[in-house]
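Peer 1: This is the structure I have questions about; it appears just below.
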Amino acid sequence: MKATVSRRARALNAYRIAQIVLGVLFAVFVVWRLYIVLFVEASYGPDTWVRLALSGLILGGVYALIAIGYTLVYGILFMINFAHGDIMMLGAFAGYFVFEALGAIKVPTSADPNLVFLNAHPIISVILAFLVGMTIASLSGFFLERIAYRPLRGAPRLVPLISAIGASIFLENAAQLLFGAQRRDFANPALLTRGVGWIIKIGGSDVIITYTGVFTFVLSILLMLGLYLLVQRTRMGRAMRAVAENKAVASMMGIDVDSVISRTFIISGALAGAAGVMWGIHNGLVYYFIGFIPGIKAFTAAVLGGIGSIPGAMVGGMFLGIVESVGPAALGIDYQLKDVIAFLILVLVLIFRPSGILGKVLSEEKV
Amino acid sequence: MKTSGNLFRCLRNGLQAGVVFGIIIIFLVLIGFDETAAQLIGKFLGNQGEATSSAMIYNLVILLGLLGLWTGAYAAKPVGKDTWGGVLIAGSGAGLVSGLMVAALAFILGTLNTAQVGLREYLAELSPDAIRLFLFGLSPLAGALAHVILFLGTAVLGSISARGIGRGAWRTKMGENWAQWTKPLSESALMKQIRSHPIMRYGIYGLILLFLIGMPQILGQYWNYTVGTVGIYVLLGLGLNIVVGMAGLLDLGYVAFFAIGAYTMALLTAPEPHHLVWSFWLALPLGVLLAALSGILLGIPVLRLRGDYLAIVTLGFGEIIRILSKSDLFTPLTAGPRGVRNVAGPTLFGHPFNNDVVFVYLIILAILLVIFVTIRLENSRAGRAWIAMREDETVAQAQGINTLRAKLLAFAIGAAFAGLGGALFASRNQFTGPEDHTLMVSINVLCLIIVGGMGSIPGVIAGAFVLKGLPEVLRELENYRILAFGALLVVMMIIRPEGLIPSRRRHLEISRGEDSLDHPEAGVPEHVPEPVQPDPGESRIP
């Protein structure tokens, strides 16, 4: 008896030692690469770093919006909504079609006979694109929960996850069959032309702060603020928090748990839809697969910040965006490998601190 | 008063069914499925034709008619006391609603098409020909009307016939009759003796063996290739079956081990990029070994993760392997996105033989070996430890099971099977590259073990044939295959989570777990440890 106990203890110790060794090796590698790139080679000027950090912030805002969706759903149902990235893709497509449609409506004026609605009323067009994108994405979230997740409530945890994977594959391929596999250019209003913006001088060279980037970043911050107020200040937010805390007790307090879950999916869908339209406006390409990689990265961000925690998802998203953007240059590795960095962070966080940066320490049960 | 309430409910059922089916049919039309399915029906009926020929219109009418029948049958749910009026109301309501929805689509598409709007730019499958076919070659208004009439008629017919036959009654009756006839026979002493006699068992094994030996000789090259692919997926499925089905570790990066096996085989035997031209027989065990080792290496850091976290980490790992094999960093090692060509086939006594028949034999041998190992493992100490761990890790640990070791063993063995599959795959195709190792492979394998039945060997084989073999037979449906996989995963989880041919143990568990599904109360705690008690059913079965 004693022998088995000590063997187990030894195995756990070995695991912990392996963890520490791995961590030290990783830290040494990072410091060494940083030293080489920053002090030995020093091939990038400050303007490059600013440029990378800016693009990281913008990317981080989008990741944060998607990550909030993962966190909200995980906080309530303890399941990874695998299809969340694809809901973002549907939002992006909805925004694309709105811009296409508005770009086809002609409103000729005496000055410009070829003026289209999109350029005549850019603000209305953008608002319309976001409204439609968010509505479509919320509806898909709502029906996704109704069809693929609700019948499985109370089943073993692997079952809804597999269902979610199936839903993700279905949505991706449905979009491919419906809209074709080609990449489409997102036709922005002239006001938000990509690559155009304010120019500032850093270290003697120009750094462009693009209008689309600023727009995306500001809007993502505003949406996050709105969500925070919704969750913290409203009756609905209180119900959501109560359900996340304990479903049984919440239902005894007279909260309709099913409707709260539906609303959670609607809210996270709306945020993902907004993220999708922003993705389209800023990056300029939509096709059926754009949701997959951002979805997984946003999940990484949610885990990084502490899954179940909304501020954690925001911080994690921003952090991941910046690391992904600055990381390859800072570590002096190929830009092709930026996805590897994101996945590596996910693995490392899960090994060393599964509760994330801001998460409460979960029991092993939840991890 | 009561009947009118019932009628109202019938109407509601009908309208609901109509909306649901209307949306489904509109979706199918938008993804161009109607045309493809009409072609397929034409192939079976022997009346194929041009895109908008009368033969195709005839096939399309058959397809839509069948869908309409289904709509009606679905709408005719039994409501309170059976009345024919209710059935008629439900059927006609469903038909009218779905017909009107489809007709509206037909009218809009037809009008746009006559106005020469290029719909294809936005909706990829809607070519002008497809739209003309969808309108039965008529004008928009007439086509829309035809749709309404068609759906109304078939839905009413469907609802009446559904009620006339009686929902599922014939099936129960047939089952009862069958049991009545066969019961005396199956329970007679003679049958029992025959069944348990070793000659019977070995006879069946012999027949299977004969079939396996004879089959590749008869099949042509194309079918041997297909059977080989299915066989490799059986190998992968059996491996993942150990990781997911037995040990309960959801691994979405399974393709990584497949890739490691394939790349080991390719890099060691191909003339490029390393000039290592080793023998096939040397590279094969090395590939298996390397895959198993990498399984352990992946296993160590993720040992403590459970469930969905494990799924995401393994998915990330699989993607890392693929991105690395494609990247410039590893191009000198793996030949980058171009892939490795001229991978060697097996040689025996100096004779190279790499035609498809030989590979089918090799793959069958590998499968038999893997099945043997799996069966031995399943009933061993390790297998029981896995199953205990899958049920409840904490309890398993409390029972004295070394879960760390059990997990590593599961990862290693699963990875070894995948490595074997990968090595054979690369050698048969004489090529391997990053595009052979996408996430879709992992998902395909996961699908096939879930559809077949987790933890069951016949289930895995059946799943591989259904998911990899069937699409080869129905080549027309190629585009819709992955879409159908996705839908199938969701549907299987909802109606039959234990799979087509479940293992007996799994079947018992899930049907017991369904009690909680019947009461989806909010009060059910998230993680209820199932009471560990001997199943009374287990002891009764001899």
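We label chains A, B, ... in the order they appear in the structure tokens, count residues from 1 in each chain, and number ligands from 1 in the order shown.
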Write out as a tab-separated table a residue-level contact list of chain A versus chain B with cut-off 7 Å: for each qualifying residue the closest pair of atoms and the distance in Å to one decimal, counting only C-alpha atoms, rows sorted by chain and residue number upward.

Peer 2:
residue	atom	partner	partner_atom	distance
A:Ile80	CA	B:Asp308	CA	6.8
A:Ala148	CA	B:Val490	CA	6.1
A:Pro151	CA	B:Ile494	CA	6.5
A:Leu152	CA	B:Ile494	CA	6.5
A:Arg153	CA	B:Pro520	CA	6.3
A:Gly154	CA	B:Leu517	CA	6.0
A:Ala155	CA	B:Leu517	CA	6.6
A:Leu158	CA	B:Gly307	CA	6.7
A:Val159	CA	B:Met493	CA	6.2
A:Ile162	CA	B:Leu489	CA	6.8
A:Ser163	CA	B:Val490	CA	4.4
A:Gly166	CA	B:Gly486	CA	4.0
A:Ala167	CA	B:Gly486	CA	5.8
A:Ile169	CA	B:Gly486	CA	4.9
A:Phe170	CA	B:Gly486	CA	4.5
A:Asn173	CA	B:Leu483	CA	5.3
A:Ala174	CA	B:Leu483	CA	6.5
A:Leu177	CA	B:Ile31	CA	5.3
A:Leu178	CA	B:Ile31	CA	5.1
A:Phe179	CA	B:Leu123	CA	4.7
A:Gly180	CA	B:Ala124	CA	4.8
A:Lys247	CA	B:Ala522	CA	5.9
A:Ala248	CA	B:Gly523	CA	3.9
A:Ser251	CA	B:Ala522	CA	6.5
A:Val257	CA	B:Ala522	CA	6.3
A:Gln336	CA	B:Ser327	CA	6.6
A:Val340	CA	B:Ile320	CA	5.4
A:Phe343	CA	B:Gly316	CA	5.3
A:Val347	CA	B:Val313	CA	5.9
A:Ile351	CA	B:Pro301	CA	6.3
A:Val367	CA	B:Arg306	CA	5.8

Peer 1: Take the residues from that selection and write them out as a compact mmCIF listing (two decimals), in the first residue's frame, keeping N, CA and C atoms.

Peer 2:
# COMPACT_ATOMS: atom_id res chain seq x y z
N ILE A 80 -17.47 24.14 -24.81
CA ILE A 80 -16.82 24.99 -25.80
C ILE A 80 -17.74 25.07 -27.00
N ALA A 148 -28.76 22.26 -31.89
CA ALA A 148 -27.63 21.35 -31.67
C ALA A 148 -27.27 21.16 -30.21
N PRO A 151 -31.04 19.92 -26.99
CA PRO A 151 -31.46 18.54 -26.74
C PRO A 151 -30.43 17.74 -25.96
N LEU A 152 -29.21 18.25 -25.87
CA LEU A 152 -28.13 17.47 -25.26
C LEU A 152 -27.83 17.91 -23.85
N ARG A 153 -28.65 18.79 -23.31
CA ARG A 153 -28.34 19.27 -21.98
C ARG A 153 -28.41 18.12 -20.99
N GLY A 154 -27.41 17.99 -20.15
CA GLY A 154 -27.42 16.91 -19.17
C GLY A 154 -26.76 15.64 -19.69
N ALA A 155 -26.37 15.62 -20.98
CA ALA A 155 -25.65 14.45 -21.50
C ALA A 155 -24.20 14.54 -21.05
N LEU A 158 -18.73 15.02 -23.41
CA LEU A 158 -18.19 14.82 -24.76
C LEU A 158 -19.27 14.99 -25.82
N VAL A 159 -20.51 14.69 -25.45
CA VAL A 159 -21.59 14.67 -26.44
C VAL A 159 -21.87 16.06 -27.02
N ILE A 162 -18.98 17.20 -29.33
CA ILE A 162 -18.97 16.59 -30.66
C ILE A 162 -20.05 17.21 -31.52
N SER A 163 -21.19 17.47 -30.91
CA SER A 163 -22.27 18.12 -31.64
C SER A 163 -21.82 19.49 -32.12
N GLY A 166 -19.62 19.15 -35.06
CA GLY A 166 -20.45 18.88 -36.24
C GLY A 166 -21.10 20.14 -36.76
N ALA A 167 -21.62 20.97 -35.85
CA ALA A 167 -22.28 22.20 -36.28
C ALA A 167 -21.28 23.12 -36.98
N ILE A 169 -18.56 22.23 -38.67
CA ILE A 169 -18.29 21.71 -40.02
C ILE A 169 -19.46 22.02 -40.94
N PHE A 170 -20.68 21.86 -40.41
CA PHE A 170 -21.86 22.10 -41.21
C PHE A 170 -21.90 23.55 -41.68
N ASN A 173 -19.25 24.38 -44.36
CA ASN A 173 -19.48 23.83 -45.69
C ASN A 173 -20.75 24.37 -46.31
N ALA A 174 -21.73 24.70 -45.46
CA ALA A 174 -22.93 25.34 -46.00
C ALA A 174 -22.55 26.66 -46.64
N LEU A 177 -20.82 26.04 -49.94
CA LEU A 177 -21.72 25.64 -51.02
C LEU A 177 -22.61 26.80 -51.45
N LEU A 178 -23.04 27.60 -50.48
CA LEU A 178 -23.93 28.70 -50.82
C LEU A 178 -23.19 29.79 -51.60
N PHE A 179 -22.05 30.22 -51.04
CA PHE A 179 -21.43 31.42 -51.58
C PHE A 179 -20.19 31.11 -52.43
N GLY A 180 -19.84 29.85 -52.55
CA GLY A 180 -18.67 29.49 -53.34
C GLY A 180 -17.40 29.57 -52.51
N LYS A 247 -27.05 26.90 -11.59
CA LYS A 247 -28.31 26.82 -12.33
C LYS A 247 -29.48 26.44 -11.43
N ALA A 248 -29.24 25.48 -10.55
CA ALA A 248 -30.34 24.97 -9.72
C ALA A 248 -30.89 26.08 -8.84
N SER A 251 -32.74 28.78 -10.81
CA SER A 251 -34.10 28.44 -11.22
C SER A 251 -35.04 28.48 -10.03
N VAL A 257 -34.08 29.56 -16.72
CA VAL A 257 -32.71 29.24 -17.14
C VAL A 257 -32.61 29.08 -18.64
N GLN A 336 5.40 33.16 -41.04
CA GLN A 336 4.51 32.01 -41.31
C GLN A 336 4.12 31.29 -40.02
N VAL A 340 1.63 29.13 -35.01
CA VAL A 340 2.28 28.22 -34.07
C VAL A 340 2.46 28.89 -32.72
N PHE A 343 -0.87 28.83 -30.84
CA PHE A 343 -1.20 27.50 -30.32
C PHE A 343 -0.26 27.12 -29.17
N VAL A 347 -1.11 25.92 -25.35
CA VAL A 347 -0.62 24.72 -24.67
C VAL A 347 0.09 25.10 -23.37
N ILE A 351 -0.90 24.17 -19.51
CA ILE A 351 -0.04 23.35 -18.66
C ILE A 351 0.29 24.07 -17.36
N VAL A 367 -11.32 21.67 -15.34
CA VAL A 367 -10.28 21.68 -16.37
C VAL A 367 -10.18 20.31 -16.98

Peer 1: Which residues come within 8 Å of segment 357-364 of chain B, counting only C-alpha atoms, excluding same-chain residues fewer than 6 positions away, as a list of chain:residue names?

Peer 2: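 Listing them by chain and then by number gives B:Leu212, B:Ile213, B:Pro216, B:Gln217, B:Gln221, B:Asn224, B:Tyr225, B:Val227, B:Gly228, B:Gly231, B:Ile232, B:Leu424, B:Arg428.
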
Peer 1: I want to know what sits within 12 Å of Ile108 of chain B, based on only C-alpha atoms, with residues of the same chain fewer than 2 positions away left out; could you give that as a ChimeraX atom specification?

Peer 2: /B:101-106,110-115,117,119,131,134-135,139-141,143-144

Peer 1: Can you list, as an MDAnalysis selection string, every residue of segment 336-474 of chain B that DSSP puts in alpha helix (DSSP H)?

Peer 2: chainID B and resid 356:378 381:391 393:398 403:429 439:452 457:464 470:473

Peer 1: Store the residues picked out above, limited to C-alpha atoms, as a CSV table (one decimal), in the first residue's frame.

Peer 2:
chain,number,residue,atom,x,y,z
B,356,ASP,CA,-3.0,-2.1,-55.5
B,357,VAL,CA,-3.8,-5.7,-54.8
B,358,VAL,CA,-0.7,-6.2,-52.7
B,359,PHE,CA,-1.5,-3.1,-50.8
B,360,VAL,CA,-5.0,-4.2,-50.1
B,361,TYR,CA,-3.5,-7.4,-48.6
B,362,LEU,CA,-1.0,-5.5,-46.6
B,363,ILE,CA,-3.7,-3.2,-45.2
B,364,ILE,CA,-5.9,-6.2,-44.4
B,365,LEU,CA,-3.0,-7.8,-42.6
B,366,ALA,CA,-2.4,-4.6,-40.6
B,367,ILE,CA,-6.0,-4.4,-39.7
B,368,LEU,CA,-6.2,-7.9,-38.5
B,369,LEU,CA,-3.1,-7.3,-36.4
B,370,VAL,CA,-4.5,-4.2,-35.0
B,371,ILE,CA,-7.9,-5.8,-34.3
B,372,PHE,CA,-6.0,-8.6,-32.5
B,373,VAL,CA,-4.1,-6.2,-30.4
B,374,THR,CA,-7.2,-4.2,-29.6
B,375,ILE,CA,-9.2,-7.2,-28.5
B,376,ARG,CA,-6.4,-8.4,-26.3
B,377,LEU,CA,-6.0,-4.9,-24.8
B,378,GLU,CA,-9.7,-4.5,-24.3
B,381,ARG,CA,-5.8,-4.8,-17.1
B,382,ALA,CA,-4.9,-1.8,-19.2
B,383,GLY,CA,-8.2,-1.9,-21.1
B,384,ARG,CA,-10.2,-2.1,-17.9
B,385,ALA,CA,-8.2,0.7,-16.5
B,386,TRP,CA,-9.0,2.9,-19.6
B,387,ILE,CA,-12.7,2.1,-19.3
B,388,ALA,CA,-12.7,2.9,-15.6
B,389,MET,CA,-10.9,6.2,-16.3
B,390,ARG,CA,-13.4,7.1,-19.0
B,391,GLU,CA,-16.2,6.6,-16.6
B,393,GLU,CA,-11.2,9.7,-13.5
B,394,THR,CA,-11.4,10.5,-9.8
B,395,VAL,CA,-13.0,7.2,-8.9
B,396,ALA,CA,-10.6,5.3,-11.1
B,397,GLN,CA,-7.7,7.0,-9.3
B,398,ALA,CA,-9.2,6.1,-6.0
B,403,THR,CA,-4.2,7.3,-14.6
B,404,LEU,CA,-1.0,9.0,-15.7
B,405,ARG,CA,0.4,5.7,-17.0
B,406,ALA,CA,-3.0,4.6,-18.5
B,407,LYS,CA,-3.3,7.8,-20.4
B,408,LEU,CA,0.2,7.6,-21.8
B,409,LEU,CA,-0.4,4.1,-22.8
B,410,ALA,CA,-3.6,5.0,-24.6
B,411,PHE,CA,-1.9,7.8,-26.4
B,412,ALA,CA,1.1,5.7,-27.4
B,413,ILE,CA,-1.0,2.8,-28.8
B,414,GLY,CA,-3.5,5.0,-30.6
B,415,ALA,CA,-0.6,7.0,-32.1
B,416,ALA,CA,1.2,3.7,-33.1
B,417,PHE,CA,-1.9,2.6,-35.1
B,418,ALA,CA,-2.1,6.0,-36.7
B,419,GLY,CA,1.6,5.8,-37.6
B,420,LEU,CA,1.1,2.4,-39.2
B,421,GLY,CA,-1.8,3.8,-41.2
B,422,GLY,CA,0.2,6.8,-42.2
B,423,ALA,CA,3.2,4.8,-43.3
B,424,LEU,CA,1.1,2.5,-45.4
B,425,PHE,CA,-0.8,5.5,-46.9
B,426,ALA,CA,2.4,7.3,-47.9
B,427,SER,CA,3.9,4.2,-49.4
B,428,ARG,CA,0.7,3.3,-51.4
B,429,ASN,CA,0.2,6.8,-52.8
B,439,LEU,CA,-7.7,18.8,-39.7
B,440,MET,CA,-10.3,17.1,-41.9
B,441,VAL,CA,-8.6,13.8,-41.5
B,442,SER,CA,-8.9,14.0,-37.7
B,443,ILE,CA,-12.5,15.0,-38.1
B,444,ASN,CA,-13.3,12.2,-40.6
B,445,VAL,CA,-11.8,9.6,-38.2
B,446,LEU,CA,-13.7,11.0,-35.3
B,447,CYS,CA,-16.9,11.0,-37.3
B,448,LEU,CA,-16.4,7.4,-38.3
B,449,ILE,CA,-15.9,6.1,-34.8
B,450,ILE,CA,-18.8,8.1,-33.6
B,451,VAL,CA,-21.2,7.0,-36.3
B,452,GLY,CA,-20.0,3.5,-36.1
B,457,ILE,CA,-14.6,-2.8,-33.4
B,458,PRO,CA,-17.4,-3.8,-35.8
B,459,GLY,CA,-18.7,-0.3,-35.4
B,460,VAL,CA,-15.4,1.3,-36.5
B,461,ILE,CA,-15.3,-0.9,-39.6
B,462,ALA,CA,-19.0,-0.2,-40.4
B,463,GLY,CA,-18.3,3.5,-39.8
B,464,ALA,CA,-15.4,3.5,-42.2
B,470,LEU,CA,-20.4,5.2,-49.5
B,471,PRO,CA,-19.2,8.6,-50.9
B,472,GLU,CA,-17.1,6.7,-53.5
B,473,VAL,CA,-20.2,4.8,-54.7

Peer 1: Could you list, as a PyMOL selection string, every residue within 12 Å of Gly226 of chain A, counting only C-alpha atoms and ignoring same-chain residues fewer than 6 positions away?

Peer 2: chain A and resi 65+219-220+232-234+237+267+271

Peer 1: Dump C-alpha atoms for the selected residues as a tab-separated table (two decimals), in the first residue's frame?

Peer 2:
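Dumped everything to selection_6.tsv:
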chain	number	residue	atom	x	y	z
A	65	LEU	CA	-15.02	40.23	-28.96
A	219	LEU	CA	-15.89	50.04	-31.86
A	220	SER	CA	-14.59	46.87	-30.20
A	232	GLN	CA	-23.09	44.15	-14.41
A	233	ARG	CA	-25.93	46.65	-14.33
A	234	THR	CA	-29.06	45.18	-15.87
A	237	GLY	CA	-27.06	40.52	-16.67
A	267	ILE	CA	-25.52	38.18	-27.13
A	271	LEU	CA	-20.61	40.24	-30.61

Peer 1: How far is it from atom CA of Ala262 of chain B to atom CA of Glu172 of chain A, in Å with one decimal?

Peer 2: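 These two atoms are separated by 27.9 Å.
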
Peer 1: Write out as a PyMOL selection string each polymer residue whose atoms come within 6 Å of Met134 of chain A, counting only C-alpha atoms; drop sequence neighbours fewer than 6 positions from it.

Peer 2: chain A and resi 270+273-274

Peer 1: Using only C-alpha atoms, which residues sit within 9 Å of Gly65 of chain B once same-chain residues fewer than 6 positions away are excluded, as a PDB file with C-alpha atoms, in the first residue's frame?

Peer 2:
ATOM      1  CA  LEU B 150     -46.966  19.531 -56.011  1.00  0.00           C
ATOM      2  CA  PHE B 151     -46.249  20.118 -52.331  1.00  0.00           C
ATOM      3  CA  GLY B 153     -50.719  17.131 -53.099  1.00  0.00           C
ATOM      4  CA  THR B 154     -47.786  15.104 -51.868  1.00  0.00           C
ATOM      5  CA  ALA B 155     -48.006  16.404 -48.304  1.00  0.00           C
TER       6      ALA B 155
END

Peer 1: Between A:Pro160, A:Gly45, A:Gly269, A:Gly23, which one has atoms that come closest to Ser140 of chain A, using only C-alpha atoms?

Peer 2: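 Going through A:Pro160, A:Gly45, A:Gly269, A:Gly23 one by one, the smallest distance to Ser140 of chain A is for A:Gly269.
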
Peer 1: Using only C-alpha atoms, determine which residues lie at most 8 Å from Arg51 of chain A, disregarding the query and same-chain residues fewer than 3 positions distant; provide the list as a ChimeraX atom specification.

Peer 2: /A:47-48,54-55,207-208

Peer 1: Next, write the just-selected residues to a file, as a compact mmCIF listing (two decimals), in the first residue's frame, keeping N, CA and C atoms as the atom set.

Peer 2:
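The resulting file, result-v2.txt, is reproduced below:
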# COMPACT_ATOMS: atom_id res chain seq x y z
N ASP A 47 9.82 52.41 -35.53
CA ASP A 47 8.60 52.51 -36.34
C ASP A 47 7.99 51.14 -36.59
N THR A 48 8.85 50.14 -36.83
CA THR A 48 8.34 48.80 -37.07
C THR A 48 7.59 48.27 -35.85
N LEU A 54 0.41 48.32 -33.19
CA LEU A 54 -0.89 48.85 -33.59
C LEU A 54 -1.74 47.74 -34.22
N SER A 55 -1.14 47.00 -35.15
CA SER A 55 -1.93 45.95 -35.79
C SER A 55 -2.31 44.89 -34.77
N VAL A 207 4.43 56.19 -40.15
CA VAL A 207 3.61 55.07 -39.68
C VAL A 207 2.16 55.46 -39.95
N ILE A 208 1.45 54.62 -40.68
CA ILE A 208 0.06 54.94 -41.00
C ILE A 208 -0.85 54.36 -39.93
